[in-house]
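Undergrad: Questions regarding the structure given below will be posed in turn.
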Amino acid sequence: MGHLISLPALIARPFTLDDAAGVNALHAQIHWPVPSAAQWEWLAAHPAHRGGQPIGWVIDNNGRIDGFIGCQRRHVFHRRQRLILGSIHSVIVAPYARGSTRTLLDTVAAEPDLAATVILNANRIGSPVYSHRGYAPLAGPSHDVRISWILAPTITLMSRLMRQSLERWPGMVNVFGERFSPRASTLFNPRLIHWPKGVHLIEDLSDNSAYGQFWRDLLAEPRMVSDRSPALMRWFCQQPDRMRPPLMLGYHDDRGLAAYALAQISKTGPVDVAVLEILDMVALDRAPDTALPALIKAIKTAAYKMEAAKVRLPVVNAELMRRLGSLARSAHREGAWGHGFIKAGDAALFDSWSPTAFDGSDGFTLRQPPAPRMAGSRTPPPENSPD
């Protein structure tokens, strides 16, 4: 009963897997990707939810699902102390339940064991509600900066013009159809790539692997870090609705793995270009200044091979900006609206936290590119592709 909050004729209660059809209908109404039954079960199996804690809440209007908020618990560690963070995603409210967003947000924030709640992908329309409910913007640049490296400028411009046309004439979506879909991404084999010096493909996620030692080294550092343990990464890589496995790359120094990056291909809408999204990127304190730029170079190489038109870093913390240096300064700036907010009982505790997109929902809510088109596709080939 502790989770029940009443509105006139509306109740917010914990989501169960029996609610998936109703929540999926909300996703479909606003053209968001609709999770499969296996995807919902996978979310519920997150290591931080093994105590049976809800993975979301619904607005239940006499059996009809009129609203949903997802909340994935994340473990964060500060000087060996483990805290629980609630990462909000997929906030959807039907038009006739307007106003219940605040109920859903307040329900999540009322969870007694959460040290903080955060959202890292608020959209332009929804951003103001977080400030109204007591959320503070994350420290810059995480709050309102996304950066990208454009690999195919002509295709990217064509996509932008098509999106602008759809804003004026939505019915043109049936004329345009699905454009700019990559044909080679499902055939991409990272084992065949000649990676930059020091960069290696991460395939072994066992506890005693090089990645396992990297996690132990990261955990020993004095900053606040989010759970990137081998066990969590094994769970993450088993996502059923992903078109292809995520790309995990590591930078090695003479002592072992010193930095790593996690990337996943996505395609936001029918006329959007394919983008290789950098979901996570972190370096140990000992990592050289060349580590993260080398990983960016490697990810660009992979993006060309996958026929992605851009590489994007959707959540950029100050540490990443510093370590990327001129590479970040020369990147294209995206955004210009607030998309990162936090509500914490002890705000000062999170001063040393450097979030990435991995702390949000991009890893499992981004739209996947459709199946590759066959010969005769009108999709242009990528530009400036390296040999």
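If you're wondering about the labels, chains in the structure tokens are A, B, ... by order shown, residues count from 1 in each chain, ligands from 1 in order shown.
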Extract, using only C-alpha atoms, all DNA, RNA and protein residues at most 8 Å from stretch 132-142 of chain A, discarding same-chain residues fewer than 5 positions from it, and format them as a list in words.

TA: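 Non-adjacent residues within range: Arg102, Leu105, Asp106, Val315, Val316, Asn317, Ala318, Gly338, Gly340, Phe341, Ile342, Lys343 and Pro355 of chain A.
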
Undergrad: Keeping only C-alpha atoms, write those residues as a PDB file, in the first residue's frame.

TA:
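The resulting file, again27.pdb, is shown below:
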ATOM      1  CA  ARG A 102       3.697  14.808 -11.373  1.00  0.00           C
ATOM      2  CA  LEU A 105       7.446  11.485 -10.596  1.00  0.00           C
ATOM      3  CA  ASP A 106       6.517  11.962  -6.944  1.00  0.00           C
ATOM      4  CA  VAL A 315      25.618  12.601 -22.214  1.00  0.00           C
ATOM      5  CA  VAL A 316      28.853  14.540 -21.793  1.00  0.00           C
ATOM      6  CA  ASN A 317      30.279  15.039 -18.322  1.00  0.00           C
ATOM      7  CA  ALA A 318      33.021  17.507 -17.443  1.00  0.00           C
ATOM      8  CA  GLY A 338      17.815  20.716 -20.518  1.00  0.00           C
ATOM      9  CA  GLY A 340      19.645  15.996 -17.366  1.00  0.00           C
ATOM     10  CA  PHE A 341      18.089  16.455 -13.909  1.00  0.00           C
ATOM     11  CA  ILE A 342      18.646  14.986 -10.450  1.00  0.00           C
ATOM     12  CA  LYS A 343      16.730  14.977  -7.181  1.00  0.00           C
ATOM     13  CA  PRO A 355      27.131  10.401 -15.452  1.00  0.00           C
TER      14      PRO A 355
END

Undergrad: Give the helix (DSSP H, G or I) residues of stretch 162-341 of chain A, as assigned by DSSP on the backbone, as an MDAnalysis selection string.

TA: chainID A and resid 162:168 170:176 185:187 190:192 210:220 230:236 291:306 318:324 326:329

Undergrad: So what do you get for atom CA of A:Leu83 versus atom CA of A:Glu277, distance-wise?

TA: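 If I compute the distance from atom CA of A:Leu83 to atom CA of A:Glu277, I get 27.2 Å.
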
Undergrad: I'd like to know which of A:Leu279, A:Val93, A:Ile296, A:Ile65 is closest to A:Thr365, using only C-alpha atoms.

TA: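 Of A:Leu279, A:Val93, A:Ile296, A:Ile65, the one nearest A:Thr365 is A:Leu279, counting only C-alpha atoms.
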
Undergrad: Record the distance separating atom CA of A:Gly198 and atom CA of A:Pro222, expressed in Å with one decimal.

TA: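 Taking atom CA of A:Gly198 and atom CA of A:Pro222, their separation equals 25.7 Å.
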
Undergrad: If we count only C-alpha atoms, what is near A:Ala25 at a cut-off of 12 Å, once residues fewer than 3 positions away on the same chain are taken out, given as number ranges by chain?

TA: A: 19-22, 28-36, 64-68, 92-94
